[in-house]
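Note sheet for the following structure.
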Amino acid sequence: MSGMHLSKEFFELLKAVGESKSKQEEDRIIQREISTLKKKLESKKAKTIGGGHNGAPTNSLNANRKKAKEFLVRLLYVEMLGHDGSFGYIKAVELAASSSIIHKRTGYLLCACTLAPSHEFRFMLVNQMQRDMQSSSILEISASLIATTNLITADMVPAMQGLVVKMLDHASEIVRKKAIIAMHRFHQLAPEAVEKQDVIDKLRKVLCDRDPSVMGASLNVIESMASVDAKPFKDLVPSLISILKQVIEHRLPSDFEYHRVPAPWIQMKLVRILAVLGKNDANASNGMYEIIGECMKKADVGINAGYAVVYECVRTITAIYPNSTLLDAAADAISRFIQSKSQNLKYFGVTGLASIVESHPQYAEAHQMSVIECLEDRDETLQRRTLDLLYKMTNPVNVTFIAEKLLHFLKGTTDSFLKEDLTKKVCNLAERYAPNNLWYVETMSELFEISGDFVSQEVAQNLMTLIAEGAGEDEGEDADESLRQHCVIIYANMLSKPISKLPKLLIETMAWVLGEYAYLSADYSLEEILNSLCAMVKKGKHLQQSTRKIIVSAIMKLVAQAGTCPPQAAKIIDNFTKSKDVDLQQRCIEFQNVITSAPHILGEILPVDASCEDVQVDPNLSFMDFFVGQAVADGAKPYEKPEDDDDDDDYAMTSTSKASAFKLTPYEKPSKPGSSYNSNMMGASGSSSNAGHMDGGGAGTTLPPGTYGHSQSGGSSGNPSAGNDVQLNVRNVANKWGKGGLTSGGSSNVPPPPPAAPSAPAPGGNTWSTPSPYQAQSTSTPATSQPSAAPIKTEEQIRKERMAAALFGGGGSAVPSRSVPKRTIPKAPVSHALVAPSAPVPPPAPAPAPVPAAPEVDLLDFMNEPAAPASSVGFDVDVLAPTSSIQAAPEAAPAPAAPIDPFADSGLLDGLSDAPLDSLQSSNTFLHNGQALAPMAISTPEFGEKWGSSCPHASPISVTSSKFPTLLAFMDGLCKSIGLHTIESIPATSEGICAGMVGGTELVLIHAKVAPIGAEARIDCTIKSTDAALSGCLAMYMQNLMR
């Protein structure tokens, strides 16, 4: 029998529970056990009434306590299986007061696991925990500290805090560590009790404890307190940097290493604290750059613990004051994560990319295909994280694609929490970046249909306001009428869907739009729409009263527009005259009286398109003058205002006195943000400056009979600061751990930063001791790493590339604006005039060089390696001429002699001449970073081997060219002229491959396919290189030569 310390009864209990076949059988076993425990505990109490002389415990008493320990453990099993064991709680409290440490810990354990936070027995244990904490036994103090973290409540914190703070100075490191854990629990329960200055001083002292485990335990409470208020801990930055440096240099005992990573959890906690202290603080961040880069470099050892440290470093780099070198290193780490085959590392990569893309969107362009693959992955967790990334990447160019993906994922999920989150995101994106009003209406209508139960009423109100008020005076009445006409078509088509599948908010919006503008429909008559609404009311027995009121009001408006009341509508209105809802009953009775006694005024009561008209209010009630005059003439007494009516005066005085309390000084004009998208904010007014011009498809529409023609549609117009200059306290910075504990020296202080360097870009690169896997290839562009492309693209790859172009079009690339996809609406005579082609988005100007807030300090000593000139990886540079973006050839033709110019001889031109500019001299030789592209003679098998393994960066282009109509003209006339070696041409398939080398290190491979089209040819070319910047620049250069 395993577990010889168990009694036979206990063993049989565990065996019976494990072998039970059903919940009912398990309940019967536990019920028998409860009866047994009640008898045992009562018999134990009876036997322990006696005892030794003067109350001394006897052997029988010790034996009973041993059995009582087992009984309480069996009682814990009863509680774990969902049954009530409250009859034994008092026994657990008694056992906690035992002198035996084993019995005491058992009593504390049962109380911590079973007692509710509000149970009165918890207060009975406070005195016992205080006594144990004042004991001379380390085991009893430890047991009481553990029980304190599990049993304490917010009301008990003041009673226990003083003793716990004293334990921070205990001689035993075990007690100090448990005391700091208890202080962390106190901060979670009652922060105000821990945030006192004397307690903070104690915690700061514990940070430099001689035992590393105590120091590591103190990091948790410091992070929690710094997250609330970082100011008291700002001067700890040098100490935290010194500790992190000692950790990564393996100065801690080997017991703290995990798979060759020194104390990974302590590293992650230190890095997270630095992120909190360095946020929006340039002074604090300057001292962190070097240690964070070194920590990220040394943590990359190829195991999960190291990856976790790297991920925390990436998050910290994006949180503190930005540094371009560290951002490039973080982008490189994200690239390795996101391209990994491990799903966990992909999740790391997508999450890290989401954190960096908010402030630096250019780093996302290098991972277009990887993001698309993560979006289509089967792992739902990875999909959700990728959707969060897309939400943060949204801009006016890619909003259509991202909203479509969010709606598609929203259709397939059944998680209500995820639906609510995605619904809010779609609403936010549609209101911020909608390209035009029609797209906004279609997107919100689809969202209502998918998850209308999670959309707020305010969003629906904004949509109806937009439809009613239109785009404003800039677009004109024709565009507004076309928008309303298209909305009627959308919602009229939805009437055929089952009402049980339509959310409440969508039904109300449909009813309101059709009630106001159904007369604009060219596909459906008023009678058809009216009959559909009547059928909706009949079938919708589950409809709420508020929804039913809106539908009935829409029916009344349609009756007024049609000039006649069909039998179905009359029956509906007659039925609701007996409704239990007073408001609905009154509406139907009044409408019934009007239509039977004065149908000619129905058009005035319910006018057409009058939802935005102001209601004319007559404060003098002049329409009552005739009735009042007639009553006075009949002998009625005129009304006289009472003399003692002072209520109005008091109110006027109060209003005047209160009005003077308002501050009439206008707010200061907000500062203009540094860089942001010109988003189209669509608020409650519904105005949209970016709305597409819509031709007046509804111009000349005649109003229905019984209506007025005075409808009106009014339009409504619609640097991170550096932290305080705090003197950092560098005491205890030199402390380090050795064989003898904490030692002090004068050589471990953090060195002062080097003298300020000029603001010009540093000529050197990263000079860490070994090349870092996170070092960027260029200090001005993020490291790009795209998945290798096949020589011949498949349809799936082309589809993903198009999705990537739609997604990343606004991240810095100059791409034409995507036209808003129109819904296919049958028999819509005006659908062709609803959306005008959107104007092409002009290519954005190159990003200006960042202006440093202060002279740049080279903290990481990047001054030894030559840096490549800044180049753009993306396709956001418009090359105006074949050689406008490269340097001139060394052997340029000499400029012709200038004629004698009297102005030049007199010195009036100040050095100006008419010599041709270097950048405009004609030469087809391609230069990159000052080095020419040279031919590289390799065989076809060597080309295939290098294509799949050596060149990870691909830049595909597709151009229709008349300069190179054949494969021979392309290979000889273009590829050879720019410095490439032709490896092989295949005339049968019109394909060719060539290779080149730049600087003896950077390889360039090109695969092209030429498809003749008359006098022109369509050239599909893929340029692959070992350098992302090189492949991108060469692709742009060849594209301009082919045009």
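The chains in the structure tokens are called A, B, ... from first to last as shown; in each chain the residues are counted from 1, and the ligands are counted from 1 in the order shown.
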Q. If we count only C-alpha atoms, what is near region 17-28 of chain A at a cut-off of 10 Å, once residues fewer than 3 positions away on the same chain are taken out, given as a PyMOL selection string?
A. chain A and resi 12-14+31-34+78+81-83
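For His170 (chain A), the list of residues within 12 Å, based on only C-alpha atoms and with local chain neighbours fewer than 3 positions off taken out, reads A:Met133, A:Gln134, A:Ser136, A:Ser137, A:Ile138, A:Ile141, A:Ser142, A:Leu163, A:Val164, A:Val165, A:Lys166, A:Met167, A:Glu173, A:Ile174, A:Val175, A:Arg176, A:Lys177, A:Lys178, A:Ala179, A:Ile180, A:Val206, A:Asp209, A:Val214.
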Keeping C-alpha atoms for every residue in the selection just given, could you write it to a file as a JSON list (two decimals), in the first residue's frame?
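File written: part.json
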```json
[["chain", "number", "residue", "atom", "x", "y", "z"],
["A", 133, "MET", "CA", 5.14, 36.01, 14.81],
["A", 134, "GLN", "CA", 6.72, 37.00, 18.14],
["A", 136, "SER", "CA", 11.71, 32.63, 18.80],
["A", 137, "SER", "CA", 11.21, 29.70, 16.44],
["A", 138, "ILE", "CA", 11.84, 30.43, 12.78],
["A", 141, "ILE", "CA", 7.31, 32.73, 12.39],
["A", 142, "SER", "CA", 7.35, 31.35, 8.84],
["A", 163, "LEU", "CA", 4.91, 43.02, 13.21],
["A", 164, "VAL", "CA", 5.50, 42.18, 9.55],
["A", 165, "VAL", "CA", 7.62, 45.32, 9.04],
["A", 166, "LYS", "CA", 9.79, 44.28, 12.01],
["A", 167, "MET", "CA", 10.33, 40.91, 10.36],
["A", 173, "GLU", "CA", 16.72, 35.27, 5.09],
["A", 174, "ILE", "CA", 13.72, 32.89, 5.00],
["A", 175, "VAL", "CA", 11.79, 35.13, 7.39],
["A", 176, "ARG", "CA", 12.77, 38.29, 5.51],
["A", 177, "LYS", "CA", 11.64, 36.80, 2.20],
["A", 178, "LYS", "CA", 8.27, 35.72, 3.59],
["A", 179, "ALA", "CA", 7.84, 39.13, 5.26],
["A", 180, "ILE", "CA", 8.36, 40.96, 1.96],
["A", 206, "VAL", "CA", 15.42, 45.35, 1.25],
["A", 209, "ASP", "CA", 19.62, 42.74, 0.83],
["A", 214, "VAL", "CA", 15.12, 38.39, -0.59]]
```
Q: Could you find all residues in region 219-384 of chain A that DSSP calls strand (DSSP E) from the backbone, and write them as a ChimeraX atom specification?
A: /A:257-258,261-262
Output N, CA and C atoms for every residue in that selection, as a PDB file, in the first residue's frame.
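Okay, selection_23.pdb is ready:
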```pdb
ATOM      1  N   GLU A 257      20.411  29.860 -11.681  1.00  0.00           N
ATOM      2  CA  GLU A 257      20.440  29.699 -13.131  1.00  0.00           C
ATOM      3  C   GLU A 257      19.387  28.683 -13.560  1.00  0.00           C
ATOM      4  N   TYR A 258      18.786  28.964 -14.737  1.00  0.00           N
ATOM      5  CA  TYR A 258      17.782  28.060 -15.302  1.00  0.00           C
ATOM      6  C   TYR A 258      18.161  27.809 -16.758  1.00  0.00           C
ATOM      7  N   VAL A 261      20.494  30.290 -18.268  1.00  0.00           N
ATOM      8  CA  VAL A 261      20.035  31.677 -18.191  1.00  0.00           C
ATOM      9  C   VAL A 261      20.082  32.094 -16.726  1.00  0.00           C
ATOM     10  N   PRO A 262      20.839  33.122 -16.387  1.00  0.00           N
ATOM     11  CA  PRO A 262      20.942  33.512 -14.972  1.00  0.00           C
ATOM     12  C   PRO A 262      19.683  34.203 -14.476  1.00  0.00           C
TER      13      PRO A 262
END
```
**Q.** Residues flagged alpha helix (DSSP H) by DSSP in region 58-284 of chain A, as a PyMOL selection string
**A.** chain A and resi 59-80+89-96+101-114+120-133+138-151+157-167+173-189+191-194+197-207+212-228+237-248+264-278+282-284
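Nearest to Ile338 (chain A) of all the residues A:Ile507, A:Ile1013, A:Cys374, A:Val314 is A:Cys374, based on only C-alpha atoms.
Separating CA of Val199 (chain A) from CA of Leu244 (chain A) is a distance of 24.0 Å.
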Q | Residue contacts of Ile152 (chain A) (10 Å, only C-alpha atoms) excluding same-chain residues fewer than 3 positions away, as a VMD selection string | A | chain A and resid 112 117 122 to 123 125 to 126 147 to 149 155 to 157 159 to 160 182 185 to 186 189
Q. Could you state the separation of CA of Val488 (chain A) and CA of Cys534 (chain A) in Å, given to one decimal place?
A. 17.1 Å
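Relative to CA of Leu514 (chain A), CA of Asp574 (chain A) is found at 21.6 Å.
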